Each structure stands twice: as structure tokens, then as C-alpha cells.
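**Student:** One file is attached below, final_10.cif, containing mmCIF, C-alpha atoms and all ligand atoms.
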```cif
data_upload
loop_
_atom_site.label_atom_id
_atom_site.label_comp_id
_atom_site.auth_asym_id
_atom_site.auth_seq_id
_atom_site.Cartn_x
_atom_site.Cartn_y
_atom_site.Cartn_z
CA MET X 1 105.48 96.64 126.12
CA THR X 2 108.45 94.87 124.62
CA GLU X 3 110.86 97.79 124.58
CA THR X 4 110.80 101.16 126.21
CA LEU X 5 111.41 104.27 124.15
CA ALA X 6 113.12 106.02 127.08
CA ARG X 7 116.23 107.88 125.91
CA ARG X 8 115.67 106.74 122.32
CA ARG X 9 116.00 109.32 119.58
CA VAL X 10 113.49 109.22 116.75
CA LEU X 11 113.85 111.02 113.44
CA LEU X 12 110.25 111.70 112.41
CA VAL X 13 109.72 112.39 108.70
CA ILE X 14 106.33 114.01 108.12
CA GLY X 15 104.92 113.63 104.59
CA GLY X 16 102.40 115.82 102.78
CA GLY X 17 99.07 114.18 103.56
CA ILE X 18 95.98 115.15 105.45
CA ALA X 19 97.09 112.84 108.30
CA ALA X 20 100.09 115.14 108.97
CA TYR X 21 98.08 116.64 111.84
CA LYS X 22 98.23 113.23 113.53
CA ALA X 23 102.03 113.33 113.29
CA LEU X 24 101.92 116.22 115.75
CA ASP X 25 100.09 113.99 118.22
CA LEU X 26 102.64 111.24 117.48
CA ILE X 27 105.41 113.61 118.63
CA ARG X 28 103.59 113.99 121.96
CA ARG X 29 103.04 110.24 122.34
CA LEU X 30 106.69 109.45 121.61
CA ARG X 31 107.86 112.07 124.10
CA GLU X 32 105.44 110.73 126.72
CA ARG X 33 107.26 107.41 126.34
CA GLY X 34 110.60 109.07 126.95
CA ALA X 35 111.88 109.47 123.38
CA SER X 36 113.30 112.64 121.90
CA VAL X 37 111.93 113.52 118.47
CA CYS X 38 113.68 115.31 115.64
CA PRO X 39 111.02 116.38 113.09
CA VAL X 40 111.74 116.63 109.36
CA LEU X 41 108.93 118.06 107.22
CA THR X 42 108.64 117.72 103.45
CA ALA X 43 107.44 120.71 101.44
CA GLY X 44 104.11 118.85 101.09
CA ALA X 45 103.88 118.40 104.88
CA GLN X 46 104.26 122.14 105.36
CA GLU X 47 101.03 122.64 103.41
CA PHE X 48 99.24 120.80 106.22
CA VAL X 49 101.19 121.56 109.42
CA THR X 50 103.85 124.14 110.24
CA PRO X 51 107.46 123.46 111.23
CA LEU X 52 106.77 125.77 114.19
CA ALA X 53 104.03 123.46 115.55
CA ALA X 54 106.26 120.39 115.09
CA ALA X 55 109.20 122.18 116.75
CA ALA X 56 107.09 123.41 119.67
CA LEU X 57 105.81 119.89 120.37
CA ALA X 58 109.22 118.28 119.87
CA GLY X 59 110.98 120.90 121.96
CA GLU X 60 113.65 121.23 119.30
CA ARG X 61 114.15 122.60 115.85
CA ALA X 62 112.18 121.11 112.94
CA HIS X 63 114.19 120.55 109.75
CA THR X 64 112.83 121.34 106.30
CA ASP X 65 115.55 122.38 103.94
CA LEU X 66 118.26 120.31 102.26
CA PHE X 67 120.20 123.34 101.14
CA ASP X 68 120.29 124.94 104.58
CA ARG X 69 123.42 127.10 104.64
CA ALA X 70 123.87 126.94 108.41
CA GLU X 71 123.32 123.18 108.66
CA GLU X 72 125.09 122.02 105.55
CA ALA X 73 128.40 123.63 106.43
CA ASP X 74 129.05 120.33 108.21
CA ILE X 75 126.81 118.08 106.02
CA GLY X 76 123.79 118.28 108.33
CA HIS X 77 121.67 115.82 106.38
CA ILE X 78 124.20 113.03 106.96
CA LYS X 79 124.31 113.88 110.65
CA LEU X 80 120.51 113.67 110.81
CA ALA X 81 120.65 110.28 109.10
CA ARG X 82 123.03 108.96 111.75
CA GLN X 83 122.19 110.61 115.05
CA ALA X 84 119.05 108.67 116.00
CA ASP X 85 117.92 105.18 116.90
CA ALA X 86 115.20 104.88 114.27
CA VAL X 87 113.40 106.75 111.51
CA VAL X 88 109.60 106.95 111.46
CA VAL X 89 107.79 108.21 108.35
CA ALA X 90 104.26 109.35 109.25
CA PRO X 91 102.25 109.97 107.27
CA ALA X 92 103.98 108.17 104.40
CA THR X 93 102.13 109.52 101.36
CA ALA X 94 101.91 107.60 98.08
CA ASN X 95 104.36 110.10 96.62
CA LEU X 96 106.84 109.77 99.48
CA MET X 97 106.68 105.95 99.28
CA ALA X 98 107.34 106.17 95.54
CA ARG X 99 110.29 108.48 96.10
CA MET X 100 111.70 106.17 98.79
CA ALA X 101 111.21 103.05 96.66
CA GLY X 102 112.86 104.79 93.70
CA GLY X 103 115.87 105.87 95.77
CA HIS X 104 115.24 109.56 95.14
CA ALA X 105 117.09 112.21 97.12
CA ASP X 106 115.41 115.37 95.93
CA ASP X 107 114.67 116.98 99.30
CA LEU X 108 115.91 116.76 102.88
CA ALA X 109 113.49 113.93 103.87
CA THR X 110 114.37 111.58 101.00
CA THR X 111 118.08 112.41 101.18
CA VAL X 112 118.11 111.48 104.87
CA LEU X 113 116.06 108.33 104.16
CA LEU X 114 118.55 107.28 101.49
CA ALA X 115 121.59 108.13 103.60
CA THR X 116 120.45 106.35 106.76
CA THR X 117 121.25 102.84 107.88
CA LEU X 118 118.85 103.07 110.82
CA PRO X 119 115.73 100.89 111.04
CA ILE X 120 112.82 102.60 109.28
CA LEU X 121 109.13 102.32 110.19
CA ILE X 122 106.57 103.82 107.85
CA ALA X 123 102.89 104.58 108.47
CA PRO X 124 101.19 104.97 105.08
CA ALA X 125 98.12 107.18 104.74
CA MET X 126 96.29 107.75 101.50
CA ASN X 127 93.06 107.35 99.59
CA VAL X 128 91.84 103.71 99.35
CA ARG X 129 92.40 103.57 95.60
CA MET X 130 95.87 105.08 95.85
CA TRP X 131 96.79 102.37 98.38
CA ALA X 132 95.32 99.64 96.14
CA HIS X 133 97.00 100.96 92.96
CA PRO X 134 99.51 98.53 91.42
CA ALA X 135 102.20 101.25 91.51
CA THR X 136 101.79 101.70 95.27
CA ARG X 137 101.76 97.92 95.75
CA ARG X 138 105.00 97.64 93.82
CA ASN X 139 106.54 100.40 95.92
CA ARG X 140 105.39 98.73 99.12
CA ALA X 141 106.88 95.40 98.04
CA THR X 142 110.16 97.13 97.13
CA LEU X 143 110.33 98.88 100.50
CA GLU X 144 109.50 95.67 102.37
CA GLY X 145 112.24 93.95 100.40
CA ASP X 146 114.61 96.72 101.53
CA GLY X 147 113.81 95.88 105.16
CA VAL X 148 111.46 98.81 105.83
CA CYS X 149 108.79 98.01 108.45
CA PHE X 150 105.15 99.01 108.00
CA VAL X 151 102.39 99.86 110.43
CA GLY X 152 98.88 100.10 108.95
CA PRO X 153 97.20 101.58 107.07
CA ASN X 154 93.95 100.76 108.84
CA ALA X 155 90.55 100.41 107.30
CA GLY X 156 87.86 102.88 108.14
CA ARG X 157 86.31 106.17 107.23
CA MET X 158 88.67 108.85 105.92
CA ALA X 159 88.44 112.42 104.73
CA GLU X 160 86.74 111.31 101.50
CA PRO X 161 83.32 109.65 101.51
CA GLU X 162 85.06 106.28 101.02
CA SER X 163 86.15 103.65 103.45
CA GLY X 164 88.74 100.89 103.25
CA PRO X 165 92.43 100.52 104.00
CA GLY X 166 94.27 103.83 103.75
CA ARG X 167 93.80 105.57 107.08
CA MET X 168 97.03 106.16 108.97
CA ALA X 169 97.58 103.97 112.05
CA GLU X 170 96.82 105.80 115.29
CA PRO X 171 99.78 107.52 117.02
CA ASN X 172 99.85 105.00 119.87
CA GLU X 173 99.81 102.11 117.38
CA ILE X 174 102.78 103.68 115.61
CA ALA X 175 104.61 104.11 118.93
CA ASP X 176 103.86 100.45 119.82
CA ALA X 177 105.14 99.29 116.41
CA LEU X 178 108.29 101.38 116.90
CA GLU X 179 108.91 99.72 120.26
CA ARG X 180 108.52 96.30 118.66
CA MET X 181 110.83 97.24 115.79
CA LEU X 182 113.53 98.49 118.15
CA ALA X 183 113.15 95.40 120.32
CA GLN X 184 113.67 93.25 117.23
CA ALA X 185 116.62 95.31 116.06
CA GLY X 186 118.20 94.86 119.51
CA ASP X 187 121.09 96.91 120.69
CA ALA X 188 123.26 96.09 117.71
CA ARG X 189 121.34 98.66 115.62
CA PRO X 190 122.36 97.00 112.39
CA GLY X 191 120.34 99.42 110.27
CA LEU X 192 118.47 98.98 107.02
CA GLY X 193 117.83 95.35 106.23
CA PHE X 194 118.33 94.54 109.90
CA LEU X 195 115.38 92.16 109.89
CA ALA X 196 117.04 90.00 107.28
CA GLY X 197 120.36 90.10 109.13
CA ARG X 198 118.86 89.50 112.54
CA ALA X 199 117.89 85.89 112.45
CA GLU X 200 120.67 84.25 110.55
CA ALA X 201 120.98 81.74 113.41
CA GLN X 202 117.47 80.38 112.81
CA PRO X 203 116.15 78.80 109.59
CA ARG X 204 114.46 81.34 107.30
CA PRO X 205 112.64 79.15 104.77
CA LEU X 206 110.32 82.00 103.73
CA ALA X 207 113.02 84.64 103.17
CA GLY X 208 112.05 86.77 100.17
CA ARG X 209 108.42 85.55 100.26
CA ARG X 210 105.30 87.60 100.89
CA VAL X 211 102.68 86.15 103.20
CA LEU X 212 99.18 87.46 103.87
CA VAL X 213 97.30 86.29 106.96
CA THR X 214 93.79 87.17 108.15
CA SER X 215 92.89 86.80 111.80
CA GLY X 216 90.22 87.47 114.41
CA PRO X 217 86.49 87.90 114.07
CA THR X 218 84.59 90.46 112.04
CA HIS X 219 81.99 92.77 113.54
CA GLU X 220 78.91 93.41 111.44
CA PRO X 221 77.08 96.50 112.69
CA ILE X 222 73.33 96.34 113.36
CA ASP X 223 73.12 99.95 114.52
CA PRO X 224 75.71 102.34 116.02
CA VAL X 225 75.91 100.36 119.28
CA ARG X 226 75.18 96.73 118.39
CA TYR X 227 76.95 94.27 116.14
CA ILE X 228 77.07 90.58 115.15
CA ALA X 229 80.34 88.94 116.20
CA ASN X 230 81.83 85.56 117.09
CA ARG X 231 84.18 84.16 119.72
CA SER X 232 87.39 84.18 117.67
CA SER X 233 90.29 85.62 119.71
CA GLY X 234 92.71 85.96 116.77
CA ARG X 235 95.36 83.95 118.64
CA GLN X 236 95.84 81.33 115.93
CA GLY X 237 95.99 83.80 113.04
CA HIS X 238 98.32 86.16 114.91
CA ALA X 239 100.58 83.23 115.83
CA ILE X 240 100.77 82.23 112.14
CA ALA X 241 101.69 85.79 111.13
CA ALA X 242 104.41 85.86 113.81
CA ALA X 243 105.76 82.44 112.73
CA ALA X 244 105.83 83.49 109.06
CA ALA X 245 107.75 86.67 109.98
CA GLN X 246 110.20 84.60 112.00
CA ALA X 247 110.61 82.36 108.96
CA GLY X 248 111.79 85.42 107.03
CA ALA X 249 108.62 86.40 105.12
CA ALA X 250 107.34 89.94 104.63
CA VAL X 251 103.99 89.54 106.37
CA THR X 252 100.78 91.54 106.20
CA LEU X 253 98.24 90.66 108.88
CA VAL X 254 94.67 91.79 108.21
CA SER X 255 93.00 91.62 111.59
CA GLY X 256 89.44 92.01 112.79
CA PRO X 257 88.85 93.50 116.27
CA VAL X 258 90.95 91.55 118.80
CA ALA X 259 92.26 92.17 122.30
CA ILE X 260 95.73 90.69 121.78
CA PRO X 261 98.95 92.56 120.85
CA ASP X 262 100.22 92.84 117.28
CA PRO X 263 102.90 90.27 116.45
CA ALA X 264 106.46 91.56 116.02
CA GLY X 265 107.82 92.36 112.58
CA VAL X 266 104.44 92.25 110.84
CA ALA X 267 102.49 94.97 109.01
CA VAL X 268 99.05 95.00 110.62
CA VAL X 269 95.92 96.31 108.89
CA ARG X 270 92.95 96.66 111.23
CA VAL X 271 89.45 96.15 109.87
CA GLU X 272 86.02 95.65 111.33
CA THR X 273 83.65 94.13 108.79
CA ALA X 274 83.92 91.29 106.26
CA ARG X 275 83.70 93.77 103.40
CA GLU X 276 86.54 95.83 104.85
CA MET X 277 88.54 92.64 105.30
CA LEU X 278 88.10 91.69 101.63
CA ALA X 279 89.16 95.18 100.52
CA ALA X 280 92.24 95.03 102.78
CA VAL X 281 93.12 91.54 101.49
CA GLU X 282 92.86 92.68 97.86
CA ALA X 283 95.01 95.72 98.62
CA ALA X 284 97.64 93.55 100.35
CA LEU X 285 98.08 91.20 97.37
CA PRO X 286 100.19 90.00 95.61
CA ALA X 287 101.46 87.37 98.01
CA ASP X 288 103.09 83.96 97.68
CA ILE X 289 101.00 82.49 100.47
CA ALA X 290 97.61 83.61 101.80
CA VAL X 291 96.33 82.08 105.04
CA PHE X 292 92.71 82.89 105.87
CA ALA X 293 92.46 82.18 109.58
CA ALA X 294 89.91 84.90 110.39
CA ALA X 295 86.43 83.88 111.50
CA VAL X 296 84.58 86.03 108.97
CA ALA X 297 80.87 86.51 109.64
CA ASP X 298 78.91 84.62 106.97
CA TRP X 299 76.07 87.13 107.14
CA ARG X 300 75.56 90.79 107.93
CA PRO X 301 72.39 92.81 108.57
CA GLN X 302 70.75 93.71 105.29
CA SER X 303 70.34 97.41 106.05
CA GLU X 304 73.37 99.60 106.59
CA ALA X 305 73.72 100.61 110.25
CA GLY X 306 72.50 104.19 110.46
CA THR X 307 73.47 106.75 113.04
CA LYS X 308 70.49 106.07 115.32
CA LYS X 309 70.08 103.18 117.77
CA ILE X 310 67.14 100.90 116.92
CA LYS X 311 64.50 101.34 119.67
CA LYS X 312 62.16 98.67 120.95
CA ASP X 313 58.55 99.68 120.49
CA GLY X 314 56.74 96.89 122.35
CA SER X 315 55.66 95.09 119.19
CA GLY X 316 58.05 92.16 119.67
CA PRO X 317 61.57 91.46 118.43
CA ALA X 318 62.87 93.72 115.69
CA PRO X 319 63.15 91.92 112.35
CA LEU X 320 66.81 91.44 111.43
CA PRO X 321 67.06 90.32 107.81
CA LEU X 322 70.57 89.14 106.92
CA VAL X 323 72.47 89.01 103.64
CA GLU X 324 75.53 86.94 102.80
CA ASN X 325 78.95 88.51 103.17
CA PRO X 326 81.54 88.20 100.40
CA ASP X 327 83.45 84.90 100.49
CA ILE X 328 87.07 86.06 100.90
CA LEU X 329 88.63 82.58 100.65
CA ALA X 330 86.72 81.66 97.47
CA THR X 331 87.36 85.10 95.92
CA VAL X 332 91.13 84.85 96.37
CA SER X 333 91.25 81.14 95.44
CA ARG X 334 89.64 81.95 92.08
CA MET X 335 91.70 85.03 91.27
CA ASN X 336 93.24 84.87 87.83
CA PRO X 337 95.69 86.48 87.51
CA GLY X 338 96.96 87.32 90.97
CA ARG X 339 96.15 84.11 92.84
CA PRO X 340 98.77 83.41 95.54
CA ALA X 341 100.70 80.19 94.87
CA LEU X 342 99.29 78.73 98.10
CA VAL X 343 95.84 79.60 99.42
CA VAL X 344 95.00 78.18 102.84
CA GLY X 345 91.57 78.25 104.49
CA PHE X 346 90.52 77.47 108.03
CA ALA X 347 87.36 75.52 108.85
CA ALA X 348 85.98 75.83 112.38
CA GLU X 349 83.37 73.10 112.71
CA THR X 350 81.23 71.73 115.53
CA ASP X 351 80.36 68.37 113.97
CA THR X 352 81.61 65.97 111.26
CA VAL X 353 84.69 68.17 111.05
CA LEU X 354 86.52 66.24 108.34
CA ASP X 355 83.47 65.82 106.08
CA HIS X 356 82.74 69.53 106.24
CA ALA X 357 86.38 70.38 105.57
CA ARG X 358 86.56 68.02 102.54
CA ALA X 359 83.44 69.63 101.10
CA LYS X 360 84.86 73.10 101.79
CA ILE X 361 88.13 72.56 99.93
CA ALA X 362 86.24 71.46 96.83
CA ARG X 363 83.76 74.33 97.08
CA LYS X 364 86.29 77.11 97.67
CA GLY X 365 89.11 76.04 95.35
CA CYS X 366 91.90 76.55 97.91
CA ASP X 367 95.01 74.36 98.27
CA LEU X 368 94.75 73.41 101.92
CA ILE X 369 92.14 73.48 104.66
CA VAL X 370 93.16 73.55 108.30
CA ALA X 371 90.13 72.16 110.12
CA ASN X 372 89.46 72.26 113.82
CA ASP X 373 86.68 71.22 116.15
CA VAL X 374 85.20 74.20 117.97
CA SER X 375 82.38 72.27 119.67
CA ALA X 376 82.16 72.29 123.46
CA GLU X 377 84.32 69.13 123.52
CA GLY X 378 86.81 70.57 121.04
CA GLY X 379 86.77 73.82 123.01
CA VAL X 380 89.46 75.67 121.04
CA MET X 381 87.75 78.91 120.01
CA GLY X 382 89.44 81.57 122.09
CA GLY X 383 91.56 78.95 123.89
CA SER X 384 95.32 78.64 123.95
CA ASP X 385 95.69 75.38 122.05
CA ASN X 386 94.34 73.69 118.98
CA ALA X 387 93.93 70.21 117.48
CA VAL X 388 93.95 70.54 113.70
CA HIS X 389 93.50 68.33 110.66
CA LEU X 390 95.13 69.24 107.36
CA ILE X 391 93.20 68.44 104.18
CA HIS X 392 95.10 69.00 100.93
CA ARG X 393 93.66 69.59 97.49
CA ASP X 394 95.10 66.29 96.22
CA GLY X 395 93.21 64.41 98.97
CA ALA X 396 96.17 63.92 101.33
CA GLU X 397 95.17 64.33 104.97
CA GLU X 398 96.98 64.45 108.27
CA SER X 399 95.92 65.08 111.86
CA TRP X 400 98.16 66.78 114.39
CA PRO X 401 97.92 66.22 118.14
CA ARG X 402 96.53 68.96 120.38
CA LEU X 403 99.28 71.62 120.49
CA GLY X 404 99.74 75.19 121.66
CA LYS X 405 98.62 77.66 118.98
CA ASP X 406 102.21 78.94 118.63
CA GLU X 407 103.40 75.40 117.90
CA VAL X 408 100.56 74.81 115.41
CA ALA X 409 101.62 78.05 113.71
CA ARG X 410 105.29 77.09 113.61
CA ARG X 411 104.56 73.65 112.12
CA LEU X 412 102.06 75.05 109.65
CA VAL X 413 104.52 77.68 108.41
CA ALA X 414 107.25 75.03 108.02
CA HIS X 415 104.77 72.85 106.11
CA LEU X 416 103.75 75.73 103.83
CA ALA X 417 107.39 76.57 103.10
CA GLU X 418 107.92 72.95 102.01
CA LEU X 419 104.78 72.96 99.85
CA LEU X 420 105.86 76.20 98.22
CA ASP X 421 109.30 74.84 97.41
CA SER X 422 107.88 71.62 95.98
C1 LIG X 501 93.97 118.19 100.64
C2 LIG X 501 94.97 117.17 100.20
C3 LIG X 501 95.10 116.01 100.92
C4 LIG X 501 96.01 115.02 100.52
N1 LIG X 501 96.12 113.89 101.24
C5 LIG X 501 96.98 112.92 100.84
C6 LIG X 501 97.08 111.72 101.59
O1 LIG X 501 96.43 111.51 102.61
N2 LIG X 501 97.94 110.78 101.13
C7 LIG X 501 98.68 110.94 100.01
O2 LIG X 501 99.41 110.03 99.64
N3 LIG X 501 98.62 112.10 99.31
C8 LIG X 501 97.78 113.09 99.69
N4 LIG X 501 97.70 114.25 98.97
C9 LIG X 501 98.61 114.44 97.84
C10 LIG X 501 99.99 114.85 98.35
O3 LIG X 501 99.88 116.06 99.07
C11 LIG X 501 100.99 115.03 97.19
O4 LIG X 501 101.17 113.81 96.51
C12 LIG X 501 102.32 115.55 97.70
O5 LIG X 501 103.17 115.73 96.61
C13 LIG X 501 102.96 114.56 98.69
O6 LIG X 501 104.12 115.13 99.21
P1 LIG X 501 105.26 114.31 99.96
O7 LIG X 501 105.97 113.49 98.95
O8 LIG X 501 106.11 115.36 100.58
O9 LIG X 501 104.58 113.48 101.00
C14 LIG X 501 96.81 115.24 99.37
C15 LIG X 501 96.69 116.44 98.67
C16 LIG X 501 95.78 117.39 99.07
C17 LIG X 501 95.68 118.66 98.28
#
```
Mind turning this structure into C-alpha cells?
Ligand SMILES: Cc1cc2nc3c(=O)[nH]c(=O)nc-3n(C[C@H](O)[C@H](O)[C@H](O)COP(=O)(O)O)c2cc1C

**Tutor:**
Amino acid sequence: MTETLARRRVLLVIGGGIAAYKALDLIRRLRERGASVCPVLTAGAQEFVTPLAAAALAGERAHTDLFDRAEEADIGHIKLARQADAVVVAPATANLMARMAGGHADDLATTVLLATTLPILIAPAMNVRMWAHPATRRNRATLEGDGVCFVGPNAGRMAEPESGPGRMAEPNEIADALERMLAQAGDARPGLGFLAGRAEAQPRPLAGRRVLVTSGPTHEPIDPVRYIANRSSGRQGHAIAAAAAQAGAAVTLVSGPVAIPDPAGVAVVRVETAREMLAAVEAALPADIAVFAAAVADWRPQSEAGTKKIKKDGSGPAPLPLVENPDILATVSRMNPGRPALVVGFAAETDTVLDHARAKIARKGCDLIVANDVSAEGGVMGGSDNAVHLIHRDGAEESWPRLGKDEVARRLVAHLAELLDS
């Protein structure tokens, strides 16, 4: 953990979505980590959970009403906006995000959110199509531009018979993201926009830019207990997301299943399969730069994994017909409109690395391929360093020496910032 929540005070705004029940668990998780929690429920939230339940778990009064005669005698909403270390909005519904992005102050929650200068972390939760809607994307971009941090939403099954990005991040993920946000904000507590103010000492060539990064492997289920995977650790993709955030970009990281921590200052969307990754990528656009560092499975089992484990019956190996997965890099490279200005692919090869990478850039239509050798001699998949070759669309090529993955990420981000400016 980067920062303890002990003795921190969290203002928790609960929006009116089905995931409001998880906000009650979030109160418990935050208190387990030593924080005190002041709950604020919107009218919508009170359709799903009661102020009494929130108050009982928080061990203090839950606030609901802007025009509270007792509280507002001394302008209680302004006090709420000031007397905490951070504000967490969970679940952040589409409506609440729209109200925040529009600067509304039509209830206690939005008035406090508008009046506060504290760092704000929001955990969106909504139907897949609501999250992918251009209006919600605009609102998200506005909020990111205002310095609001995001955690999730994750991909996966939700209340509706649909799956994709929209499910609220788990309470412990939200608590982890809050710790990272507070660690980044430091003790100065500079408030809204603190991320932009924080790093004035270091160069921020991607300030005001949106960057999308994919990372890690995908898991393609065979049955409920087995899946097809690969050895990608996610280290290179995560390092690129971290470097882009440090360079000032608003970063969304779409990650397959990995065992490494989320990078600081980055909105992370967790997915499992290639199809979920494509849906999460489409929902995260528009972006100025998209870097596809994930090792996406080329194929998946043809039949959908059911709920029953496939049993061996003594008649030999089970047939496992495969079908091709969607090609995320080619799909985004060919988008029109909506193609990011710079689309970067990764090529992990075991032989004739450069030839394969040259063929790939032509086939996929991206601007740059970062190629690496993952053969036994190359030995970088899952390792801590990487030797990469850059192949540009105009034919220019360069090879970098073997470097730590953080250093590769830093140089790559600096290179992309230059390409974008030129
Ligand atoms: C059963 C039910 C579940 C809902 N779940 C969500 C949800 O998960 N996310 C969302 O954005 N809106 C959801 N809505 C719609 C919101 O409740 C509605 O937009 C409300 O005005 C949001 O209130 P708020 O701005 O206080 O969050 C749901 C509505 C119903 C009736």
C-alpha cells in the first residue's frame, strides 16, 4: 500500500444506482483501513439503500438534505465540503456524472461536490450502453479535465443480461485507488485539479491529452474452470500507463487479469476476454493516443463456456475448435471517425522479429509498432526488462538497447509526445 487511510476522513457520496448496496460494504472497508466516513446519499440512492444503514455502518449521521434546517443554520453543506481529506462518489451514476460535469448544485451531493476543493475519486456504475453513450463519454472527459480521478468501471456481468464495462469497481479496489490518490495528492491537499498542479517540477508533455493503454493477457474460457491464457505479466503496459499519467495525460488502462498493482493516477478498467477488452476500448475512446500493449489471445474456444466443467469420458482428448478473436488494433486503426491521432501496436515475436513487425504495421494500419523478441533468448515475456525495436508507418526504424520496462515506457511516452506534436 502506498498510503494508509488511518485517521483520514472520507466524504462518501452515494448515487442512485443498483450498486449502492456495494457502497455500504465500501464504508466497512474504509473503516477497516482506519478512515472515518461521512455518508451523503442522493434522493436516488435512498431508493436503493437507507440513510439508516449507511449511518449505522459509518457510525455517524448520514446526510441527505440540502435544506436541512438544523444543519444549514451554519451553512452545513460548505462545512461538509471542507471537513474531509477526499470525496469518493460510489456509485457514480450516469445522471450524477452528468450533474457533476454540468456544474449543477440541485441537491446536497452536487452542491458539496461543486463547493469542494478536495481531491475527488469517482467509481462509475451503469448499464454498458449508458457508459458507452457519447454523452457519458463527454461527461467523463470533462470530469477528467477537471482533475477528477476515476476507478473502473470493470467489465463483467451486471444486473441486466449484458456484459461489458459498467460494473462498479469492487470496494477494496476503490479503497486502493483512494490510497493512491491521496498518496499522489500528498500532504499539501491542493484540492480539485491537484493532479495538474502536482507535477509542475517535471515536464508534462501530454498535459491535456487523453491516452488509452491496454495491458496484460486475456483469458478465454473453455469451461467454468479452464481457460486459454498467455504469459504476459502486464508490466510493460502498466508502466506505459504510469509514464503517460506522469507526463500529464488523462489515462485509461484497460487491463486483462494481472497480478501487479494498478499504476497511480490512472483509471483502470478490468476485463477478462478479448471481446470484453474491445468493448472497454471502444467505451474509453476518444483518445489522442492509443497504445495496445496487451497480449490479446488470437483465438478463443468456439463454444461459449457453459456452467458445467467438461468431463473426460475415456474417448481421448476433447475436441477444442477455436475461432478468431476480434482484432482490437486493426479495428481502432481503421476507425473513421474516431481514430486516435496515434495508434501504437506491440508485436511479441519469437523469430524474424523485424520482418513480422514490418508486415504487421502494413496489415493493421497503425502508426507505430513496438516489436520485441519473446523467444527463449529474448526472454522478456513476464520479465523486468525489454529490448524493443520501433517501426514507424513511414518506414523509419530504430532499435533501443535492453532497458528496464519503466525506462522503455518513459522513452516511449516521450517519443509519442514528440510524434503527436509534430
Ligand atoms: C432498478 C434501477 C437500477 C438503476 N441502476 C442504475 C445504475 O446502475 N446506474 C445508473 O447510472 N443509473 C441507474 N438507474 C437510474 C438512476 O436511478 C437514475 O438516473 C437516478 O436519477 C440517478 O440518481 P442520482 O443522480 O442521484 O445518482 C437505475 C434505475 C433503476 C430504477

**Student:** Please identify every polymer residue within 6 Å of ligand LIG 501 (chain X), using all atoms listed in the file, and present the set as a list in words.

**Tutor:** Gly15, Gly16, Gly17, Ile18, Ala19, Thr42, Ala43, Gly44, Ala45, Thr93, Ala94, Asn95, Leu96, Ala125 and Met126 of chain X

**Student:** For the contact check between stretch 207-298 of chain X and stretch 402-419 of chain X, emit one row per residue of stretch 207-298 of chain X within 12 Å, containing the shortest atom pair and the distance in Å rounded to one decimal, counting all atoms listed in the file, chain then rising number order, as a tab-separated table.

**Tutor:**
```
residue	atom	partner	partner_atom	distance
X:Ala207	CA	X:Ala417	CA	9.8
X:Gly208	CA	X:Ala417	CA	11.6
X:Arg209	CA	X:Ala417	CA	9.5
X:Arg210	CA	X:Ala417	CA	11.4
X:Val211	CA	X:Val413	CA	10.1
X:Val213	CA	X:Val413	CA	11.3
X:Ser233	CA	X:Lys405	CA	11.5
X:Gly234	CA	X:Lys405	CA	10.4
X:Arg235	CA	X:Lys405	CA	7.1
X:Gln236	CA	X:Lys405	CA	5.5
X:Gly237	CA	X:Ala409	CA	8.1
X:His238	CA	X:Ala409	CA	8.8
X:Ala239	CA	X:Asp406	CA	5.4
X:Ile240	CA	X:Ala409	CA	4.5
X:Ala241	CA	X:Ala409	CA	8.2
X:Ala242	CA	X:Ala409	CA	8.3
X:Ala243	CA	X:Arg410	CA	5.4
X:Ala244	CA	X:Val413	CA	6.0
X:Ala245	CA	X:Val413	CA	9.7
X:Gln246	CA	X:Arg410	CA	9.1
X:Ala247	CA	X:Val413	CA	7.7
X:Gly248	CA	X:Ala417	CA	10.6
X:Ala249	CA	X:Ala417	CA	10.1
X:Pro263	CA	X:Asp406	CA	11.6
X:Asp288	CA	X:Ala417	CA	10.1
X:Ile289	CA	X:Leu416	CA	8.0
X:Ala290	CA	X:Leu416	CA	10.2
X:Val291	CA	X:Leu416	CA	9.8
X:Ala293	CA	X:Ala409	CA	10.9
```

**Student:** Quote the spacing between atom CA of X:Arg8 and atom CA of X:Ala84 in Å to one decimal place.

**Tutor:**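 That distance, rounded to one decimal, is 7.4 Å.
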
**Student:** So how many Å separate atom CA of X:Asp327 and atom CA of X:His389, to one decimal?

**Tutor:**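 According to the coordinates, atom CA of X:Asp327 and atom CA of X:His389 are separated by 21.9 Å.
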
**Student:** Atom CA of X:Leu354 and atom CA of X:Thr218 are how many Å apart?

**Tutor:**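 Between these atoms lies a distance of 24.6 Å.
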
**Student:** Restricting the calculation to all atoms listed in the file, which member of X:Val88, X:Ala371, X:Ala284, X:Leu320 is positioned closest to X:Val112?

**Tutor:**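 Result for the nearest residue to X:Val112: X:Val88.
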
**Student:** Neighbourhood query: residues within 9 Å of (85.5, 76.6, 98.4), file coordinates, counting all atoms listed in the file; return as a ChimeraX atom specification.

**Tutor:** /X:327,329-330,333,345,359-366
